[in-house]
Amino acid sequence: MGRIRGKDTKPEMLVRKYLFAHGFRYRLHGRKLSGHPDLVLRKYGAVIFVHGCFWHRHEGCRDATTPSTRVDFWCQKFKSNMSRDQRNVVTLMSSGWRVAIVWECHLKRMELRTLNALEAWLKEGGQSWTSDELCRGN
């Protein structure tokens, strides 16, 4: 598990390159904010988390599998990850931040559509957004 990166992952780099190319400027891994969001866009009052489906348990995703060994450990690990994520989102929103969550699988399967929707959300000023909304048609 020591080789697993928490920063500068491929999905995160994809989002960063897209936003930068489209004129968005951001700070990385806001150390002063709850959960250390991957991207902080002060101008838009927004933060973006790029979540891996395995570690953050993307509901209904085929990438959110549970290892067959040490099942109790993994279930507890995933449960604590999910509750921490929820706490961070609530804390950030109560502090006035707009929160977006981009799921790794949506960047793999519908990259351009996901990134365009994220850009539109940033410009429109919606409260919170997740790339799951693309699948629901919102």
# chains A, B, ... in the order shown; residues from 1 in each chain; ligands from 1

$ select_by_dssp --residues "segment 29-128 of chain A" --states "strand (DSSP E or B)" --output "list in words"
Leu39, Val40, Leu41, Ala46, Val47, Ile48, Phe49, Val50, His51, Arg98, Val99, Ala100, Ile101, Val102, Trp103 and Ser128 of chain A

$ write_last_selection --atoms "all heavy atoms" --output "short mmCIF file (atom, residue, chain, number, x, y, z; two decimals), in the first residue's frame"
data_model
loop_
_atom_site.label_atom_id
_atom_site.label_comp_id
_atom_site.auth_asym_id
_atom_site.auth_seq_id
_atom_site.Cartn_x
_atom_site.Cartn_y
_atom_site.Cartn_z
N LEU A 39 -8.28 20.21 -5.54
CA LEU A 39 -8.18 21.52 -6.20
C LEU A 39 -9.01 22.54 -5.43
O LEU A 39 -10.14 22.25 -5.03
CB LEU A 39 -8.70 21.44 -7.63
CG LEU A 39 -8.00 20.47 -8.55
CD1 LEU A 39 -8.82 20.23 -9.81
CD2 LEU A 39 -6.64 20.99 -8.92
N VAL A 40 -8.47 23.72 -5.25
CA VAL A 40 -9.18 24.81 -4.59
C VAL A 40 -9.23 25.98 -5.55
O VAL A 40 -8.19 26.49 -5.98
CB VAL A 40 -8.46 25.24 -3.28
CG1 VAL A 40 -9.20 26.39 -2.62
CG2 VAL A 40 -8.32 24.06 -2.34
N LEU A 41 -10.44 26.39 -5.91
CA LEU A 41 -10.63 27.51 -6.82
C LEU A 41 -11.29 28.65 -6.04
O LEU A 41 -12.51 28.75 -5.99
CB LEU A 41 -11.49 27.09 -8.02
CG LEU A 41 -10.86 26.04 -8.91
CD1 LEU A 41 -11.40 24.66 -8.60
CD2 LEU A 41 -11.09 26.38 -10.36
N ALA A 46 -15.01 27.36 -4.83
CA ALA A 46 -15.26 25.94 -5.06
C ALA A 46 -14.02 25.10 -4.74
O ALA A 46 -12.89 25.56 -4.87
CB ALA A 46 -15.67 25.71 -6.51
N VAL A 47 -14.29 23.88 -4.33
CA VAL A 47 -13.25 22.87 -4.15
C VAL A 47 -13.65 21.63 -4.92
O VAL A 47 -14.84 21.35 -5.12
CB VAL A 47 -13.01 22.52 -2.66
CG1 VAL A 47 -12.53 23.73 -1.90
CG2 VAL A 47 -14.24 21.94 -2.02
N ILE A 48 -12.65 20.89 -5.38
CA ILE A 48 -12.90 19.69 -6.16
C ILE A 48 -12.12 18.52 -5.55
O ILE A 48 -10.92 18.64 -5.29
CB ILE A 48 -12.48 19.87 -7.63
CG1 ILE A 48 -13.25 21.03 -8.26
CG2 ILE A 48 -12.69 18.58 -8.42
CD1 ILE A 48 -12.76 21.43 -9.64
N PHE A 49 -12.84 17.42 -5.33
CA PHE A 49 -12.22 16.17 -4.92
C PHE A 49 -12.26 15.23 -6.11
O PHE A 49 -13.31 15.08 -6.74
CB PHE A 49 -12.99 15.52 -3.76
CG PHE A 49 -12.87 16.23 -2.45
CD1 PHE A 49 -13.86 17.11 -2.03
CD2 PHE A 49 -11.78 16.02 -1.63
CE1 PHE A 49 -13.76 17.76 -0.82
CE2 PHE A 49 -11.67 16.67 -0.41
CZ PHE A 49 -12.67 17.55 -0.01
N VAL A 50 -11.15 14.59 -6.43
CA VAL A 50 -11.12 13.55 -7.46
C VAL A 50 -10.98 12.23 -6.71
O VAL A 50 -9.92 11.92 -6.17
CB VAL A 50 -9.96 13.76 -8.45
CG1 VAL A 50 -9.99 12.68 -9.52
CG2 VAL A 50 -10.03 15.14 -9.07
N HIS A 51 -12.08 11.50 -6.63
CA HIS A 51 -12.13 10.28 -5.83
C HIS A 51 -11.89 9.03 -6.67
O HIS A 51 -12.45 8.89 -7.76
CB HIS A 51 -13.50 10.12 -5.17
CG HIS A 51 -13.70 10.96 -3.96
ND1 HIS A 51 -12.69 11.50 -3.22
CD2 HIS A 51 -14.85 11.33 -3.33
CE1 HIS A 51 -13.18 12.16 -2.19
NE2 HIS A 51 -14.49 12.09 -2.25
N ARG A 98 -18.35 25.63 -2.25
CA ARG A 98 -19.08 24.76 -3.15
C ARG A 98 -18.20 23.54 -3.37
O ARG A 98 -16.99 23.66 -3.55
CB ARG A 98 -19.34 25.45 -4.48
CG ARG A 98 -20.18 26.70 -4.31
CD ARG A 98 -20.22 27.57 -5.56
NE ARG A 98 -20.28 26.77 -6.76
CZ ARG A 98 -19.66 27.10 -7.90
NH1 ARG A 98 -18.95 28.18 -7.98
NH2 ARG A 98 -19.76 26.32 -8.96
N VAL A 99 -18.79 22.35 -3.37
CA VAL A 99 -18.01 21.11 -3.41
C VAL A 99 -18.39 20.28 -4.63
O VAL A 99 -19.57 20.04 -4.88
CB VAL A 99 -18.23 20.28 -2.12
CG1 VAL A 99 -17.43 18.99 -2.18
CG2 VAL A 99 -17.86 21.09 -0.89
N ALA A 100 -17.38 19.84 -5.36
CA ALA A 100 -17.57 18.92 -6.49
C ALA A 100 -16.78 17.65 -6.24
O ALA A 100 -15.65 17.69 -5.73
CB ALA A 100 -17.12 19.56 -7.80
N ILE A 101 -17.40 16.53 -6.59
CA ILE A 101 -16.72 15.24 -6.50
C ILE A 101 -16.72 14.62 -7.90
O ILE A 101 -17.77 14.43 -8.50
CB ILE A 101 -17.42 14.30 -5.50
CG1 ILE A 101 -17.35 14.90 -4.11
CG2 ILE A 101 -16.80 12.90 -5.55
CD1 ILE A 101 -18.16 14.16 -3.07
N VAL A 102 -15.52 14.34 -8.39
CA VAL A 102 -15.36 13.71 -9.69
C VAL A 102 -14.89 12.29 -9.44
O VAL A 102 -13.87 12.07 -8.79
CB VAL A 102 -14.34 14.48 -10.56
CG1 VAL A 102 -14.16 13.78 -11.90
CG2 VAL A 102 -14.76 15.92 -10.73
N TRP A 103 -15.64 11.31 -9.95
CA TRP A 103 -15.30 9.90 -9.75
C TRP A 103 -14.36 9.43 -10.86
O TRP A 103 -14.55 9.76 -12.04
CB TRP A 103 -16.55 9.04 -9.71
CG TRP A 103 -17.33 9.26 -8.46
CD1 TRP A 103 -18.46 10.01 -8.33
CD2 TRP A 103 -17.04 8.75 -7.16
NE1 TRP A 103 -18.87 9.99 -7.01
CE2 TRP A 103 -18.02 9.22 -6.29
CE3 TRP A 103 -16.02 7.93 -6.66
CZ2 TRP A 103 -18.03 8.90 -4.92
CZ3 TRP A 103 -16.03 7.61 -5.32
CH2 TRP A 103 -17.03 8.09 -4.46
N SER A 128 -23.45 22.10 -4.86
CA SER A 128 -22.56 20.94 -4.86
C SER A 128 -22.84 20.13 -6.12
O SER A 128 -23.90 20.22 -6.71
CB SER A 128 -22.78 20.08 -3.61
OG SER A 128 -24.04 19.48 -3.64
#

$ residues_around --residues "Glu124 of chain A" --least-positions-apart "4" --cutoff "12 Å" --atoms "only C-alpha atoms" --output "list in words"
Tyr44, Gly45, Ala46, Arg98, Ala117, Leu118, Glu119, Ala120, Ser128 and Trp129 of chain A

$ write_last_selection --atoms "all heavy atoms" --output "compact mmCIF listing (two decimals), in the first residue's frame"
# COMPACT_ATOMS: atom_id res chain seq x y z
N TYR A 44 -13.97 31.02 -7.56
CA TYR A 44 -15.30 30.45 -7.74
C TYR A 44 -15.89 29.95 -6.43
O TYR A 44 -17.00 29.41 -6.41
CB TYR A 44 -15.23 29.30 -8.76
CG TYR A 44 -14.78 29.77 -10.11
CD1 TYR A 44 -13.43 29.77 -10.44
CD2 TYR A 44 -15.68 30.27 -11.04
CE1 TYR A 44 -13.00 30.23 -11.67
CE2 TYR A 44 -15.26 30.73 -12.27
CZ TYR A 44 -13.92 30.71 -12.59
OH TYR A 44 -13.50 31.17 -13.80
N GLY A 45 -15.14 30.06 -5.35
CA GLY A 45 -15.61 29.57 -4.05
C GLY A 45 -15.85 28.08 -4.07
O GLY A 45 -16.77 27.58 -3.42
N ALA A 46 -15.01 27.36 -4.83
CA ALA A 46 -15.26 25.94 -5.06
C ALA A 46 -14.02 25.10 -4.74
O ALA A 46 -12.89 25.56 -4.87
CB ALA A 46 -15.67 25.71 -6.51
N ARG A 98 -18.35 25.63 -2.25
CA ARG A 98 -19.08 24.76 -3.15
C ARG A 98 -18.20 23.54 -3.37
O ARG A 98 -16.99 23.66 -3.55
CB ARG A 98 -19.34 25.45 -4.48
CG ARG A 98 -20.18 26.70 -4.31
CD ARG A 98 -20.22 27.57 -5.56
NE ARG A 98 -20.28 26.77 -6.76
CZ ARG A 98 -19.66 27.10 -7.90
NH1 ARG A 98 -18.95 28.18 -7.98
NH2 ARG A 98 -19.76 26.32 -8.96
N ALA A 117 -18.96 19.03 -18.02
CA ALA A 117 -19.99 19.26 -16.99
C ALA A 117 -19.38 19.92 -15.76
O ALA A 117 -20.01 20.79 -15.14
CB ALA A 117 -20.65 17.94 -16.61
N LEU A 118 -18.17 19.54 -15.39
CA LEU A 118 -17.49 20.17 -14.26
C LEU A 118 -17.24 21.65 -14.55
O LEU A 118 -17.48 22.51 -13.70
CB LEU A 118 -16.17 19.45 -13.98
CG LEU A 118 -15.30 20.04 -12.87
CD1 LEU A 118 -16.02 19.98 -11.53
CD2 LEU A 118 -13.98 19.28 -12.79
N GLU A 119 -16.78 21.94 -15.75
CA GLU A 119 -16.55 23.34 -16.14
C GLU A 119 -17.84 24.14 -16.09
O GLU A 119 -17.87 25.27 -15.57
CB GLU A 119 -15.95 23.39 -17.55
CG GLU A 119 -15.69 24.80 -18.03
CD GLU A 119 -15.12 24.85 -19.44
OE1 GLU A 119 -15.08 23.82 -20.12
OE2 GLU A 119 -14.70 25.96 -19.84
N ALA A 120 -18.92 23.58 -16.60
CA ALA A 120 -20.21 24.27 -16.57
C ALA A 120 -20.65 24.52 -15.13
O ALA A 120 -21.16 25.61 -14.81
CB ALA A 120 -21.27 23.44 -17.31
N SER A 128 -23.45 22.10 -4.86
CA SER A 128 -22.56 20.94 -4.86
C SER A 128 -22.84 20.13 -6.12
O SER A 128 -23.90 20.22 -6.71
CB SER A 128 -22.78 20.08 -3.61
OG SER A 128 -24.04 19.48 -3.64
N TRP A 129 -21.84 19.34 -6.51
CA TRP A 129 -21.95 18.60 -7.76
C TRP A 129 -21.13 17.32 -7.64
O TRP A 129 -20.10 17.29 -6.99
CB TRP A 129 -21.41 19.44 -8.91
CG TRP A 129 -21.49 18.80 -10.25
CD1 TRP A 129 -22.57 18.78 -11.08
CD2 TRP A 129 -20.45 18.10 -10.94
NE1 TRP A 129 -22.26 18.11 -12.23
CE2 TRP A 129 -20.97 17.68 -12.17
CE3 TRP A 129 -19.13 17.80 -10.62
CZ2 TRP A 129 -20.22 16.96 -13.09
CZ3 TRP A 129 -18.37 17.08 -11.53
CH2 TRP A 129 -18.92 16.68 -12.75

$ select_by_dssp --residues "segment 8-53 of chain A" --states "alpha helix (DSSP H)" --output "ChimeraX atom specification"
/A:10-21,53

$ residues_around --residues "Gly23 of chain A" --least-positions-apart "6" --cutoff "12 Å" --atoms "only C-alpha atoms" --output "PDB file with all heavy atoms, in the first residue's frame"
ATOM      1  N   ARG A  16      -6.814  18.498 -13.683  1.00  0.00           N
ATOM      2  CA  ARG A  16      -5.983  19.696 -13.574  1.00  0.00           C
ATOM      3  C   ARG A  16      -5.603  20.244 -14.945  1.00  0.00           C
ATOM      4  O   ARG A  16      -5.707  21.451 -15.195  1.00  0.00           O
ATOM      5  CB  ARG A  16      -4.723  19.382 -12.761  1.00  0.00           C
ATOM      6  CG  ARG A  16      -5.021  19.261 -11.282  1.00  0.00           C
ATOM      7  CD  ARG A  16      -3.950  18.614 -10.467  1.00  0.00           C
ATOM      8  NE  ARG A  16      -2.584  19.046 -10.709  1.00  0.00           N
ATOM      9  CZ  ARG A  16      -1.545  18.561 -10.026  1.00  0.00           C
ATOM     10  NH1 ARG A  16      -1.727  17.658  -9.073  1.00  0.00           N
ATOM     11  NH2 ARG A  16      -0.334  18.967 -10.300  1.00  0.00           N
ATOM     12  N   LYS A  17      -5.171  19.375 -15.840  1.00  0.00           N
ATOM     13  CA  LYS A  17      -4.763  19.816 -17.177  1.00  0.00           C
ATOM     14  C   LYS A  17      -5.934  20.420 -17.946  1.00  0.00           C
ATOM     15  O   LYS A  17      -5.790  21.432 -18.627  1.00  0.00           O
ATOM     16  CB  LYS A  17      -4.149  18.655 -17.962  1.00  0.00           C
ATOM     17  CG  LYS A  17      -2.769  18.299 -17.494  1.00  0.00           C
ATOM     18  CD  LYS A  17      -2.198  17.130 -18.264  1.00  0.00           C
ATOM     19  CE  LYS A  17      -0.806  16.791 -17.730  1.00  0.00           C
ATOM     20  NZ  LYS A  17      -0.209  15.662 -18.438  1.00  0.00           N
ATOM     21  N   LEU A  41     -10.435  26.390  -5.911  1.00  0.00           N
ATOM     22  CA  LEU A  41     -10.626  27.515  -6.821  1.00  0.00           C
ATOM     23  C   LEU A  41     -11.292  28.647  -6.042  1.00  0.00           C
ATOM     24  O   LEU A  41     -12.514  28.754  -5.992  1.00  0.00           O
ATOM     25  CB  LEU A  41     -11.490  27.094  -8.016  1.00  0.00           C
ATOM     26  CG  LEU A  41     -10.863  26.038  -8.913  1.00  0.00           C
ATOM     27  CD1 LEU A  41     -11.403  24.665  -8.602  1.00  0.00           C
ATOM     28  CD2 LEU A  41     -11.090  26.377 -10.355  1.00  0.00           C
ATOM     29  N   LYS A  43     -11.542  31.859  -6.553  1.00  0.00           N
ATOM     30  CA  LYS A  43     -12.318  32.796  -7.365  1.00  0.00           C
ATOM     31  C   LYS A  43     -13.770  32.327  -7.509  1.00  0.00           C
ATOM     32  O   LYS A  43     -14.692  33.133  -7.547  1.00  0.00           O
ATOM     33  CB  LYS A  43     -11.672  32.939  -8.745  1.00  0.00           C
ATOM     34  CG  LYS A  43     -12.413  33.835  -9.692  1.00  0.00           C
ATOM     35  CD  LYS A  43     -11.676  33.937 -11.023  1.00  0.00           C
ATOM     36  CE  LYS A  43     -12.446  34.767 -12.020  1.00  0.00           C
ATOM     37  NZ  LYS A  43     -11.732  34.872 -13.298  1.00  0.00           N
ATOM     38  N   GLU A 119     -16.785  21.943 -15.754  1.00  0.00           N
ATOM     39  CA  GLU A 119     -16.545  23.335 -16.143  1.00  0.00           C
ATOM     40  C   GLU A 119     -17.840  24.143 -16.093  1.00  0.00           C
ATOM     41  O   GLU A 119     -17.869  25.265 -15.566  1.00  0.00           O
ATOM     42  CB  GLU A 119     -15.948  23.391 -17.550  1.00  0.00           C
ATOM     43  CG  GLU A 119     -15.687  24.805 -18.032  1.00  0.00           C
ATOM     44  CD  GLU A 119     -15.118  24.851 -19.436  1.00  0.00           C
ATOM     45  OE1 GLU A 119     -15.076  23.821 -20.125  1.00  0.00           O
ATOM     46  OE2 GLU A 119     -14.700  25.962 -19.843  1.00  0.00           O
ATOM     47  N   LEU A 122     -18.749  24.923 -12.501  1.00  0.00           N
ATOM     48  CA  LEU A 122     -17.927  26.001 -11.946  1.00  0.00           C
ATOM     49  C   LEU A 122     -18.435  27.370 -12.394  1.00  0.00           C
ATOM     50  O   LEU A 122     -18.525  28.299 -11.589  1.00  0.00           O
ATOM     51  CB  LEU A 122     -16.468  25.833 -12.365  1.00  0.00           C
ATOM     52  CG  LEU A 122     -15.676  24.768 -11.620  1.00  0.00           C
ATOM     53  CD1 LEU A 122     -14.363  24.482 -12.327  1.00  0.00           C
ATOM     54  CD2 LEU A 122     -15.432  25.194 -10.183  1.00  0.00           C
ATOM     55  N   LYS A 123     -18.783  27.487 -13.650  1.00  0.00           N
ATOM     56  CA  LYS A 123     -19.226  28.768 -14.191  1.00  0.00           C
ATOM     57  C   LYS A 123     -20.637  29.136 -13.741  1.00  0.00           C
ATOM     58  O   LYS A 123     -20.933  30.312 -13.541  1.00  0.00           O
ATOM     59  CB  LYS A 123     -19.157  28.743 -15.717  1.00  0.00           C
ATOM     60  CG  LYS A 123     -17.738  28.741 -16.233  1.00  0.00           C
ATOM     61  CD  LYS A 123     -17.699  28.686 -17.739  1.00  0.00           C
ATOM     62  CE  LYS A 123     -16.271  28.734 -18.250  1.00  0.00           C
ATOM     63  NZ  LYS A 123     -16.218  28.605 -19.720  1.00  0.00           N
TER      64      LYS A 123
END

$ closest_residue --among "A:Cys53, A:Leu33, A:Lys79, A:Tyr18" --to "Ser94 of chain A" --atoms "only C-alpha atoms"
A:Leu33

$ residues_around --residues "segment 105-110 of chain A" --least-positions-apart "6" --cutoff "10 Å" --atoms "only C-alpha atoms" --output "compact mmCIF listing (two decimals) with N, CA, C and O atoms, in the first residue's frame"
# COMPACT_ATOMS: atom_id res chain seq x y z
N LYS A 10 -3.35 9.91 -11.81
CA LYS A 10 -3.70 10.13 -13.22
C LYS A 10 -5.04 10.84 -13.37
O LYS A 10 -5.14 11.79 -14.16
N PRO A 11 -6.10 10.40 -12.65
CA PRO A 11 -7.37 11.12 -12.79
C PRO A 11 -7.27 12.58 -12.34
O PRO A 11 -7.83 13.48 -12.98
N GLU A 12 -6.54 12.83 -11.26
CA GLU A 12 -6.37 14.20 -10.79
C GLU A 12 -5.62 15.04 -11.81
O GLU A 12 -6.00 16.20 -12.08
N LEU A 14 -5.53 14.64 -14.98
CA LEU A 14 -6.42 14.86 -16.12
C LEU A 14 -7.33 16.06 -15.87
O LEU A 14 -7.48 16.93 -16.72
N VAL A 15 -7.91 16.12 -14.68
CA VAL A 15 -8.79 17.24 -14.32
C VAL A 15 -7.99 18.54 -14.28
O VAL A 15 -8.42 19.57 -14.81
N VAL A 50 -11.15 14.59 -6.43
CA VAL A 50 -11.12 13.55 -7.46
C VAL A 50 -10.98 12.23 -6.71
O VAL A 50 -9.92 11.92 -6.17
N HIS A 51 -12.08 11.50 -6.63
CA HIS A 51 -12.13 10.28 -5.83
C HIS A 51 -11.89 9.03 -6.67
O HIS A 51 -12.45 8.89 -7.76
N GLY A 52 -11.08 8.13 -6.14
CA GLY A 52 -10.91 6.81 -6.72
C GLY A 52 -12.08 5.93 -6.29
O GLY A 52 -12.47 5.94 -5.12
N CYS A 53 -12.63 5.20 -7.20
CA CYS A 53 -13.83 4.39 -6.92
C CYS A 53 -13.57 3.31 -5.88
O CYS A 53 -14.44 3.01 -5.06
N PHE A 54 -12.38 2.73 -5.88
CA PHE A 54 -12.05 1.67 -4.93
C PHE A 54 -11.97 2.21 -3.51
O PHE A 54 -12.61 1.71 -2.60
N HIS A 58 -17.38 4.12 -4.61
CA HIS A 58 -18.37 4.66 -5.52
C HIS A 58 -19.52 3.66 -5.66
O HIS A 58 -19.34 2.56 -6.19
N CYS A 61 -20.50 1.05 -8.68
CA CYS A 61 -19.41 1.03 -9.65
C CYS A 61 -18.72 -0.33 -9.64
O CYS A 61 -18.47 -0.90 -8.58
N ARG A 62 -18.36 -0.80 -10.81
CA ARG A 62 -17.69 -2.10 -10.89
C ARG A 62 -16.25 -2.04 -10.37
O ARG A 62 -15.64 -3.07 -10.12
N ASP A 63 -15.71 -0.84 -10.21
CA ASP A 63 -14.36 -0.69 -9.69
C ASP A 63 -14.31 -0.68 -8.16
O ASP A 63 -13.23 -0.71 -7.57
N ALA A 64 -15.46 -0.63 -7.51
CA ALA A 64 -15.52 -0.57 -6.04
C ALA A 64 -15.66 -1.97 -5.47
O ALA A 64 -16.63 -2.31 -4.80
N SER A 131 -20.01 13.85 -10.28
CA SER A 131 -20.07 13.35 -11.65
C SER A 131 -21.15 12.29 -11.82
O SER A 131 -21.51 11.95 -12.94
N ASP A 132 -21.72 11.79 -10.72
CA ASP A 132 -22.85 10.87 -10.81
C ASP A 132 -24.06 11.52 -11.47
O ASP A 132 -24.91 10.85 -12.04
N LEU A 134 -24.20 13.08 -14.11
CA LEU A 134 -24.19 12.81 -15.55
C LEU A 134 -24.96 11.55 -15.87
O LEU A 134 -25.65 11.48 -16.87
N CYS A 135 -24.83 10.55 -15.02
CA CYS A 135 -25.50 9.28 -15.24
C CYS A 135 -27.01 9.39 -15.01
O CYS A 135 -27.78 8.66 -15.60

$ residues_around --residues "Lys7 of chain A" --least-positions-apart "2" --cutoff "10 Å" --atoms "only C-alpha atoms" --output "ChimeraX atom specification"
/A:4-5,9-10,12-13,28-29,38,50

$ write_last_selection --atoms "C-alpha atoms" --output "short mmCIF file (atom, residue, chain, number, x, y, z; two decimals), in the first residue's frame"
data_model
loop_
_atom_site.label_atom_id
_atom_site.label_comp_id
_atom_site.auth_asym_id
_atom_site.auth_seq_id
_atom_site.Cartn_x
_atom_site.Cartn_y
_atom_site.Cartn_z
CA ILE A 4 -0.49 4.07 -3.61
CA ARG A 5 -0.38 7.78 -4.24
CA THR A 9 -2.86 10.60 -9.55
CA LYS A 10 -3.70 10.13 -13.22
CA GLU A 12 -6.37 14.20 -10.79
CA MET A 13 -3.80 15.23 -13.38
CA LEU A 28 -3.48 22.19 -4.97
CA HIS A 29 -4.36 20.18 -1.88
CA ASP A 38 -7.43 18.15 -4.58
CA VAL A 50 -11.12 13.55 -7.46
#

$ closest_residue --among "A:Glu111, A:Asp8, A:Phe73, A:Gln127" --to "Leu92 of chain A" --atoms "only C-alpha atoms"
A:Gln127
